[in-house]
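Asks: The following file, query05.cif, comprises mmCIF, C-alpha atoms; chains and numbers go by the auth columns:
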```cif
data_input
loop_
_atom_site.group_PDB
_atom_site.id
_atom_site.type_symbol
_atom_site.label_atom_id
_atom_site.label_comp_id
_atom_site.label_asym_id
_atom_site.label_seq_id
_atom_site.Cartn_x
_atom_site.Cartn_y
_atom_site.Cartn_z
_atom_site.B_iso_or_equiv
_atom_site.auth_seq_id
_atom_site.auth_asym_id
ATOM 1 C CA MET A 1 -9.262 74.308 -22.953 0.00 22 Q
ATOM 2 C CA ALA A 2 -11.936 73.338 -20.461 0.00 23 Q
ATOM 3 C CA THR A 3 -14.172 70.302 -20.592 0.00 24 Q
ATOM 4 C CA THR A 4 -17.283 70.176 -18.451 0.00 25 Q
ATOM 5 C CA GLU A 5 -19.191 66.943 -17.986 0.00 26 Q
ATOM 6 C CA ILE A 6 -22.895 67.748 -18.180 0.00 27 Q
ATOM 7 C CA ILE A 7 -25.389 65.282 -16.756 0.00 28 Q
ATOM 8 C CA ASN A 8 -28.421 64.669 -18.962 0.00 29 Q
ATOM 9 C CA TYR A 9 -29.865 61.989 -16.697 0.00 30 Q
ATOM 10 C CA MET A 10 -29.510 60.833 -13.139 0.00 31 Q
ATOM 11 C CA LYS A 11 -28.190 57.324 -12.596 0.00 32 Q
ATOM 12 C CA PRO A 12 -27.596 56.303 -8.971 0.00 33 Q
ATOM 13 C CA GLY A 13 -24.633 53.979 -8.471 0.00 34 Q
ATOM 14 C CA ALA A 14 -22.700 55.099 -11.582 0.00 35 Q
ATOM 15 C CA ASP A 15 -18.885 55.181 -11.465 0.00 36 Q
ATOM 16 C CA ILE A 16 -17.050 58.468 -10.876 0.00 37 Q
ATOM 17 C CA ALA A 17 -15.993 58.845 -14.508 0.00 38 Q
ATOM 18 C CA SER A 18 -19.539 58.853 -15.845 0.00 39 Q
ATOM 19 C CA MET A 19 -21.470 60.787 -13.203 0.00 40 Q
ATOM 20 C CA SER A 20 -18.918 63.022 -11.518 0.00 41 Q
ATOM 21 C CA ARG A 21 -20.143 66.473 -12.615 0.00 42 Q
ATOM 22 C CA ARG A 22 -16.518 67.440 -12.906 0.00 43 Q
ATOM 23 C CA LYS A 23 -14.663 70.125 -14.830 0.00 44 Q
ATOM 24 C CA ILE A 24 -11.404 69.287 -16.568 0.00 45 Q
ATOM 25 C CA GLU A 25 -8.715 71.684 -17.836 0.00 46 Q
ATOM 26 C CA SER A 26 -5.688 70.879 -20.015 0.00 47 Q
ATOM 27 C CA PHE A 27 -2.174 71.975 -19.020 0.00 48 Q
ATOM 28 C CA ILE A 28 1.449 71.255 -19.960 0.00 49 Q
ATOM 29 C CA ALA A 29 3.465 69.300 -17.395 0.00 50 Q
ATOM 30 C CA SER A 30 6.719 70.868 -16.154 0.00 51 Q
ATOM 31 C CA GLU A 31 7.893 67.491 -14.846 0.00 52 Q
ATOM 32 C CA ALA A 32 6.794 63.861 -14.626 0.00 53 Q
ATOM 33 C CA ILE A 33 3.386 63.736 -12.910 0.00 54 Q
ATOM 34 C CA ALA A 34 1.384 60.647 -11.932 0.00 55 Q
ATOM 35 C CA ALA A 35 -2.363 60.377 -12.397 0.00 56 Q
ATOM 36 C CA GLY A 36 -3.912 61.299 -9.043 0.00 57 Q
ATOM 37 C CA ASP A 37 -1.214 63.781 -8.043 0.00 58 Q
ATOM 38 C CA VAL A 38 -2.283 67.206 -6.795 0.00 59 Q
ATOM 39 C CA VAL A 39 -0.890 69.781 -9.206 0.00 60 Q
ATOM 40 C CA SER A 40 0.034 73.431 -8.881 0.00 61 Q
ATOM 41 C CA LEU A 41 0.542 76.178 -11.397 0.00 62 Q
ATOM 42 C CA ASP A 42 4.287 76.376 -12.062 0.00 63 Q
ATOM 43 C CA GLY A 43 5.362 79.614 -10.399 0.00 64 Q
ATOM 44 C CA THR A 44 8.845 79.361 -11.935 0.00 65 Q
ATOM 45 C CA GLN A 45 7.511 80.052 -15.433 0.00 66 Q
ATOM 46 C CA ALA A 46 7.588 83.523 -16.974 0.00 67 Q
ATOM 47 C CA ASP A 47 4.551 85.750 -17.431 0.00 68 Q
ATOM 48 C CA ALA A 48 1.401 84.002 -18.734 0.00 69 Q
ATOM 49 C CA ASP A 49 3.179 80.629 -18.908 0.00 70 Q
ATOM 50 C CA VAL A 50 2.559 80.340 -15.146 0.00 71 Q
ATOM 51 C CA ALA A 51 -1.091 79.561 -16.010 0.00 72 Q
ATOM 52 C CA LEU A 52 -0.128 77.121 -18.778 0.00 73 Q
ATOM 53 C CA TYR A 53 2.307 74.806 -16.955 0.00 74 Q
ATOM 54 C CA VAL A 54 1.711 72.621 -13.895 0.00 75 Q
ATOM 55 C CA THR A 55 4.015 70.829 -11.512 0.00 76 Q
ATOM 56 C CA LYS A 56 3.438 68.533 -8.523 0.00 77 Q
ATOM 57 C CA GLY A 57 1.990 70.516 -5.621 0.00 78 Q
ATOM 58 C CA ASP A 58 4.478 70.879 -2.753 0.00 79 Q
ATOM 59 C CA SER A 59 3.802 73.000 0.342 0.00 80 Q
ATOM 60 C CA GLY A 60 7.557 73.281 0.973 0.00 81 Q
ATOM 61 C CA ASN A 61 8.093 75.277 -2.224 0.00 82 Q
ATOM 62 C CA ALA A 62 6.210 78.559 -2.783 0.00 83 Q
ATOM 63 C CA ALA A 63 6.438 78.187 -6.586 0.00 84 Q
ATOM 64 C CA ASP A 64 4.623 74.828 -6.334 0.00 85 Q
ATOM 65 C CA SER A 65 1.941 75.944 -3.842 0.00 86 Q
ATOM 66 C CA ILE A 66 -0.632 77.331 -6.278 0.00 87 Q
ATOM 67 C CA PRO A 67 -3.091 74.398 -6.393 0.00 88 Q
ATOM 68 C CA VAL A 68 -5.373 73.888 -9.388 0.00 89 Q
ATOM 69 C CA GLY A 69 -6.588 70.302 -9.007 0.00 90 Q
ATOM 70 C CA ILE A 70 -5.827 66.611 -9.456 0.00 91 Q
ATOM 71 C CA ALA A 71 -4.056 65.129 -12.494 0.00 92 Q
ATOM 72 C CA LEU A 72 -6.397 62.877 -14.435 0.00 93 Q
ATOM 73 C CA ASP A 73 -3.603 61.736 -16.745 0.00 94 Q
ATOM 74 C CA ALA A 74 0.039 60.865 -16.165 0.00 95 Q
ATOM 75 C CA ALA A 75 2.901 62.771 -17.788 0.00 96 Q
ATOM 76 C CA SER A 76 6.090 60.745 -18.113 0.00 97 Q
ATOM 77 C CA ALA A 77 8.201 63.843 -18.798 0.00 98 Q
ATOM 78 C CA ALA A 78 8.130 67.623 -18.987 0.00 99 Q
ATOM 79 C CA GLY A 79 6.313 69.055 -22.011 0.00 100 Q
ATOM 80 C CA GLU A 80 3.499 66.509 -22.140 0.00 101 Q
ATOM 81 C CA GLN A 81 -0.098 67.690 -22.103 0.00 102 Q
ATOM 82 C CA ILE A 82 -2.241 66.442 -19.219 0.00 103 Q
ATOM 83 C CA ARG A 83 -5.839 66.850 -18.127 0.00 104 Q
ATOM 84 C CA VAL A 84 -6.514 68.110 -14.608 0.00 105 Q
ATOM 85 C CA VAL A 85 -9.773 67.852 -12.660 0.00 106 Q
ATOM 86 C CA VAL A 86 -10.312 71.394 -11.354 0.00 107 Q
ATOM 87 C CA ARG A 87 -13.755 70.660 -9.880 0.00 108 Q
ATOM 88 C CA GLY A 88 -15.543 67.404 -9.072 0.00 109 Q
ATOM 89 C CA ILE A 89 -14.898 63.820 -8.082 0.00 110 Q
ATOM 90 C CA VAL A 90 -11.624 62.018 -8.808 0.00 111 Q
ATOM 91 C CA ASP A 91 -9.253 59.473 -7.227 0.00 112 Q
ATOM 92 C CA ALA A 92 -6.272 61.252 -5.661 0.00 113 Q
ATOM 93 C CA ASN A 93 -2.888 60.605 -4.075 0.00 114 Q
ATOM 94 C CA VAL A 94 -3.506 61.266 -0.348 0.00 115 Q
ATOM 95 C CA ALA A 95 -1.680 60.887 2.963 0.00 116 Q
ATOM 96 C CA GLY A 96 -2.092 57.561 4.717 0.00 117 Q
ATOM 97 C CA ALA A 97 -4.043 59.052 7.643 0.00 118 Q
ATOM 98 C CA THR A 98 -6.891 60.296 5.404 0.00 119 Q
ATOM 99 C CA VAL A 99 -10.458 59.440 6.418 0.00 120 Q
ATOM 100 C CA ALA A 100 -13.804 60.393 4.903 0.00 121 Q
ATOM 101 C CA GLY A 101 -14.661 64.013 5.587 0.00 122 Q
ATOM 102 C CA ASN A 102 -11.079 65.265 5.953 0.00 123 Q
ATOM 103 C CA SER A 103 -10.323 68.622 4.353 0.00 124 Q
ATOM 104 C CA LEU A 104 -7.221 68.167 2.198 0.00 125 Q
ATOM 105 C CA ALA A 105 -4.455 70.579 1.141 0.00 126 Q
ATOM 106 C CA ILE A 106 -1.110 70.402 -0.631 0.00 127 Q
ATOM 107 C CA SER A 107 1.382 68.626 1.635 0.00 128 Q
ATOM 108 C CA ALA A 108 5.164 68.578 1.970 0.00 129 Q
ATOM 109 C CA THR A 109 5.167 65.327 -0.046 0.00 130 Q
ATOM 110 C CA ALA A 110 5.207 66.481 -3.679 0.00 131 Q
ATOM 111 C CA GLY A 111 2.013 65.500 -5.498 0.00 132 Q
ATOM 112 C CA GLN A 112 0.199 64.305 -2.374 0.00 133 Q
ATOM 113 C CA LEU A 113 -2.767 65.826 -0.541 0.00 134 Q
ATOM 114 C CA GLY A 114 -2.446 65.897 3.222 0.00 135 Q
ATOM 115 C CA VAL A 115 -5.014 66.422 5.939 0.00 136 Q
ATOM 116 C CA TYR A 116 -5.515 70.187 6.352 0.00 137 Q
ATOM 117 C CA VAL A 117 -4.650 71.745 9.714 0.00 138 Q
ATOM 118 C CA ASN A 118 -5.260 75.349 10.713 0.00 139 Q
ATOM 119 C CA THR A 119 -1.548 76.212 10.476 0.00 140 Q
ATOM 120 C CA ASP A 120 -1.324 75.260 6.779 0.00 141 Q
ATOM 121 C CA THR A 121 -0.328 78.112 4.477 0.00 142 Q
ATOM 122 C CA THR A 122 -2.134 76.792 1.391 0.00 143 Q
ATOM 123 C CA ARG A 123 -5.869 76.611 0.788 0.00 144 Q
ATOM 124 C CA ILE A 124 -8.102 73.558 1.092 0.00 145 Q
ATOM 125 C CA VAL A 125 -8.098 71.809 -2.284 0.00 146 Q
ATOM 126 C CA ALA A 126 -10.509 68.911 -1.722 0.00 147 Q
ATOM 127 C CA VAL A 127 -12.515 66.873 0.763 0.00 148 Q
ATOM 128 C CA ALA A 128 -12.036 63.116 1.166 0.00 149 Q
ATOM 129 C CA LEU A 129 -15.112 61.072 0.291 0.00 150 Q
ATOM 130 C CA GLU A 130 -13.590 57.891 1.724 0.00 151 Q
ATOM 131 C CA ALA A 131 -10.626 56.678 3.761 0.00 152 Q
ATOM 132 C CA ASP A 132 -7.422 56.050 1.851 0.00 153 Q
ATOM 133 C CA THR A 133 -6.425 52.642 0.555 0.00 154 Q
ATOM 134 C CA LEU A 134 -2.672 52.551 -0.053 0.00 155 Q
ATOM 135 C CA ASN A 135 -2.561 56.374 -0.282 0.00 156 Q
ATOM 136 C CA VAL A 136 -5.442 56.646 -2.769 0.00 157 Q
ATOM 137 C CA ALA A 137 -8.910 57.992 -1.983 0.00 158 Q
ATOM 138 C CA THR A 138 -11.851 59.378 -3.897 0.00 159 Q
ATOM 139 C CA VAL A 139 -12.062 63.119 -3.273 0.00 160 Q
ATOM 140 C CA TYR A 140 -14.236 66.049 -4.290 0.00 161 Q
ATOM 141 C CA VAL A 141 -12.050 68.877 -5.671 0.00 162 Q
ATOM 142 C CA TYR A 142 -13.385 72.289 -4.681 0.00 163 Q
ATOM 143 C CA PRO A 143 -13.514 74.844 -7.495 0.00 164 Q
ATOM 144 C CA GLY A 144 -10.681 77.276 -6.998 0.00 165 Q
ATOM 145 C CA TYR A 145 -9.062 77.651 -10.398 0.00 166 Q
#
```
Would you kindly transcribe this structure into C-alpha cells?
Replies:
Amino acid sequence: MATTEIINYMKPGADIASMSRRKIESFIASEAIAAGDVVSLDGTQADADVALYVTKGDSGNAADSIPVGIALDAASAAGEQIRVVVRGIVDANVAGATVAGNSLAISATAGQLGVYVNTDTTRIVAVALEADTLNVATVYVYPGY
C-alpha cells in the first residue's frame, strides 16, 4: 500500500518528515533491516513475492541489487512489515566519503549507499543533500519503483 504525503501549504524551514513530498510503500522484510538502509526487492523470492519482500541492498549480490528506496522503519527480524521511502527526502545510511551533490547507488556494504561511479552495475538511487555525519546523510530518493 502506498502513502503519498501531499503538501497543502508551503512552510520554509520545516523538518523532512513534515515537508518532504515523499512517497512511502510498505513491504515485508526478508531479514533484519535498520532504518536508513537502502533496500532492494528480494530476488530470491518466488513469483510475485519478489515485489512483496525487501532485503538490504548489496551490489555484490544480484538478488539484492534491485533498489526500491530507503527503509523508514527498522525490522528486527524477517517477516516484519516496514515502510520504505520510494521517492523524496529521507536520512540514509551512506558511505563515509559522501558529500552534498553526490549521486548514490547500492554499494558492496549491505544496506549502505555508496558514491556512484560510471562502472557501477546498479542504477543511481538517490542524491546526497548534505555531507555524511557518521555515515548518515539526508538524501533525495529518485523515483524508480
Asks: Residues near segment 53-70 of chain Q, anyone? I mean within 7 Å using only C-alpha atoms, not counting same-chain ones fewer than 2 positions away, as a VMD selection string.
Replies: chain Q and resid 50 72 to 78 84 to 99 112 to 114 132 to 134
Asks: I need the residue set behind the PyMOL selection byres ((chain Q and resi 135) around 8) for this file; please write it as a list of chain:residue names.
Replies: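 The output of the PyMOL selection byres ((chain Q and resi 135) around 8) on this file is Q:Val115, Q:Ala116, Q:Thr119, Q:Leu125, Q:Ala126, Q:Ile127, Q:Ser128, Q:Gln133, Q:Leu134, Q:Val136, Q:Tyr137.
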Asks: Nearest to Ala129 of chain Q among Q:Ile103, Q:Pro33, Q:Ser47, Q:Ser80, with distances taken over only C-alpha atoms: which residue is it?
Replies: Q:Ser80
Asks: Using only the atoms of segment 81-96 of chain Q listed in the file, plus 8 Å on each side, state the axis-aligned box centre and edge lengths in Å rounded to one decimal, as JSON.
Replies:
```
{"center_x": 0.8, "center_y": 69.7, "center_z": -8.4, "size_x": 30.7, "size_y": 33.7, "size_z": 34.8}
```
Asks: Kindly indicate which residue among Q:Thr130, Q:Asn82, Q:Thr140, Q:Gln102 lies nearest to Gly117 of chain Q, using only C-alpha atoms for the distances.
Replies: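 Closest to Gly117 of chain Q of all the choices is Q:Thr130.
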Asks: Mind pulling up the distance from atom CA of Asp153 of chain Q to atom CA of Asp36 of chain Q?
Replies: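 Distance between the two atoms: 17.6 Å.
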Asks: Enumerate, as a ChimeraX atom specification, the residues matched when the PyMOL selection byres ((chain Q and resi 166) around 7) is run on the file above.
Replies: /Q:89,107,164-165
Asks: Report as a PDB file with C-alpha atoms, in the coordinates of the input the residues that result from applying the PyMOL selection byres ((chain Q and resi 162) around 6) to the structure here.
Replies:
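Output saved as result.pdb:
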```pdb
ATOM      1  CA  ARG Q 108     -13.755  70.660  -9.880  1.00  0.00           C
ATOM      2  CA  GLY Q 109     -15.543  67.404  -9.072  1.00  0.00           C
ATOM      3  CA  VAL Q 146      -8.098  71.809  -2.284  1.00  0.00           C
ATOM      4  CA  ALA Q 147     -10.509  68.911  -1.722  1.00  0.00           C
ATOM      5  CA  TYR Q 161     -14.236  66.049  -4.290  1.00  0.00           C
ATOM      6  CA  TYR Q 163     -13.385  72.289  -4.681  1.00  0.00           C
TER       7      TYR Q 163
END
```
Asks: Please, what distance in Å, to one decimal, runs between atom CA of Val138 of chain Q and atom CA of Asn123 of chain Q?
Replies: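 Taking atom CA of Val138 of chain Q and atom CA of Asn123 of chain Q, their separation equals 9.9 Å.
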Asks: Which of these residues is nearest to Val106 of chain Q, using only C-alpha atoms: Q:Glu46, Q:Glu151, Q:Glu52, Q:Asp141?
Replies: Q:Glu46
Asks: Given all atoms listed in the file as the basis, pick out the residue of Q:Thr142, Q:Ile45, Q:Gly100, Q:Ser51 nearest to Gly81 of chain Q.
Replies: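 Of all the options, Q:Thr142 lies closest to Gly81 of chain Q.
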Asks: Rank nothing, just name the residue among Q:Ala118, Q:Arg42, Q:Asn139, Q:Ser124 nearest to Thr154 of chain Q, using only C-alpha atoms.
Replies: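 Under the stated criterion, the closest residue is Q:Ala118.
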Asks: Would you mind telling me which residue in Q:Val105, Q:Ile49, Q:Thr143, Q:Val111 lies nearest to Asp79 of chain Q when using only C-alpha atoms?
Replies: Q:Thr143
Asks: If you measure from atom CA of Lys44 of chain Q to atom CA of Ala131 of chain Q, what distance in Å do you get, rounded to one decimal?
Replies: 23.1 Å
Asks: Quick one: segment 40-67 of chain Q with N, CA and C atoms, as an mmCIF file, keeping the file's coordinate frame?
Replies:
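New file result.cif:
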```
data_model
loop_
_atom_site.group_PDB
_atom_site.id
_atom_site.type_symbol
_atom_site.label_atom_id
_atom_site.label_comp_id
_atom_site.auth_asym_id
_atom_site.auth_seq_id
_atom_site.Cartn_x
_atom_site.Cartn_y
_atom_site.Cartn_z
ATOM 1 N N MET Q 40 -20.483 59.940 -13.873
ATOM 2 C CA MET Q 40 -21.470 60.787 -13.203
ATOM 3 C C MET Q 40 -20.819 61.750 -12.210
ATOM 4 N N SER Q 41 -19.659 62.260 -12.515
ATOM 5 C CA SER Q 41 -18.918 63.022 -11.518
ATOM 6 C C SER Q 41 -19.226 64.509 -11.488
ATOM 7 N N ARG Q 42 -19.888 65.030 -12.517
ATOM 8 C CA ARG Q 42 -20.143 66.473 -12.615
ATOM 9 C C ARG Q 42 -18.845 67.247 -12.441
ATOM 10 N N ARG Q 43 -17.805 66.797 -13.096
ATOM 11 C CA ARG Q 43 -16.518 67.440 -12.906
ATOM 12 C C ARG Q 43 -16.136 68.328 -14.084
ATOM 13 N N LYS Q 44 -15.199 69.227 -13.819
ATOM 14 C CA LYS Q 44 -14.663 70.125 -14.830
ATOM 15 C C LYS Q 44 -13.193 69.794 -14.998
ATOM 16 N N ILE Q 45 -12.769 69.691 -16.249
ATOM 17 C CA ILE Q 45 -11.404 69.287 -16.568
ATOM 18 C C ILE Q 45 -10.747 70.370 -17.412
ATOM 19 N N GLU Q 46 -9.511 70.720 -17.078
ATOM 20 C CA GLU Q 46 -8.715 71.684 -17.836
ATOM 21 C C GLU Q 46 -7.445 70.991 -18.328
ATOM 22 N N SER Q 47 -6.939 71.420 -19.473
ATOM 23 C CA SER Q 47 -5.688 70.879 -20.015
ATOM 24 C C SER Q 47 -4.528 71.818 -19.693
ATOM 25 N N PHE Q 48 -3.392 71.234 -19.336
ATOM 26 C CA PHE Q 48 -2.174 71.975 -19.020
ATOM 27 C C PHE Q 48 -0.986 71.258 -19.643
ATOM 28 N N ILE Q 49 0.197 71.882 -19.552
ATOM 29 C CA ILE Q 49 1.449 71.255 -19.960
ATOM 30 C C ILE Q 49 2.225 70.940 -18.685
ATOM 31 N N ALA Q 50 2.708 69.716 -18.578
ATOM 32 C CA ALA Q 50 3.465 69.300 -17.395
ATOM 33 C C ALA Q 50 4.881 69.880 -17.429
ATOM 34 N N SER Q 51 5.344 70.373 -16.284
ATOM 35 C CA SER Q 51 6.719 70.868 -16.154
ATOM 36 C C SER Q 51 7.677 69.770 -15.705
ATOM 37 N N GLU Q 52 7.101 68.624 -15.328
ATOM 38 C CA GLU Q 52 7.893 67.491 -14.846
ATOM 39 C C GLU Q 52 7.034 66.237 -14.975
ATOM 40 N N ALA Q 53 7.590 65.097 -14.646
ATOM 41 C CA ALA Q 53 6.794 63.861 -14.626
ATOM 42 C C ALA Q 53 5.752 63.982 -13.519
ATOM 43 N N ILE Q 54 4.509 63.647 -13.848
ATOM 44 C CA ILE Q 54 3.386 63.736 -12.910
ATOM 45 C C ILE Q 54 2.583 62.451 -13.035
ATOM 46 N N ALA Q 55 2.203 61.864 -11.916
ATOM 47 C CA ALA Q 55 1.384 60.647 -11.932
ATOM 48 C C ALA Q 55 -0.090 61.021 -11.899
ATOM 49 N N ALA Q 56 -0.919 60.189 -12.512
ATOM 50 C CA ALA Q 56 -2.363 60.377 -12.397
ATOM 51 C C ALA Q 56 -2.722 60.315 -10.916
ATOM 52 N N GLY Q 57 -3.532 61.244 -10.445
ATOM 53 C CA GLY Q 57 -3.912 61.299 -9.043
ATOM 54 C C GLY Q 57 -3.113 62.300 -8.227
ATOM 55 N N ASP Q 58 -2.011 62.791 -8.767
ATOM 56 C CA ASP Q 58 -1.214 63.781 -8.043
ATOM 57 C C ASP Q 58 -1.936 65.119 -7.997
ATOM 58 N N VAL Q 59 -1.806 65.827 -6.872
ATOM 59 C CA VAL Q 59 -2.283 67.206 -6.795
ATOM 60 C C VAL Q 59 -1.274 68.053 -7.565
ATOM 61 N N VAL Q 60 -1.785 68.952 -8.402
ATOM 62 C CA VAL Q 60 -0.890 69.781 -9.206
ATOM 63 C C VAL Q 60 -1.098 71.255 -8.903
ATOM 64 N N SER Q 61 -0.028 71.997 -9.131
ATOM 65 C CA SER Q 61 0.034 73.431 -8.881
ATOM 66 C C SER Q 61 0.436 74.134 -10.168
ATOM 67 N N LEU Q 62 -0.029 75.373 -10.321
ATOM 68 C CA LEU Q 62 0.542 76.178 -11.397
ATOM 69 C C LEU Q 62 2.037 76.259 -11.137
ATOM 70 N N ASP Q 63 2.831 76.345 -12.202
ATOM 71 C CA ASP Q 63 4.287 76.376 -12.062
ATOM 72 C C ASP Q 63 4.748 77.818 -11.924
ATOM 73 N N GLY Q 64 4.967 78.245 -10.688
ATOM 74 C CA GLY Q 64 5.362 79.614 -10.399
ATOM 75 C C GLY Q 64 6.743 79.987 -10.881
ATOM 76 N N THR Q 65 7.516 79.030 -11.412
ATOM 77 C CA THR Q 65 8.845 79.361 -11.935
ATOM 78 C C THR Q 65 8.788 79.809 -13.387
ATOM 79 N N GLN Q 66 7.650 79.654 -14.030
ATOM 80 C CA GLN Q 66 7.511 80.052 -15.433
ATOM 81 C C GLN Q 66 7.412 81.573 -15.546
ATOM 82 N N ALA Q 67 7.641 82.078 -16.740
ATOM 83 C CA ALA Q 67 7.588 83.523 -16.974
ATOM 84 C C ALA Q 67 6.206 83.948 -17.463
#
```
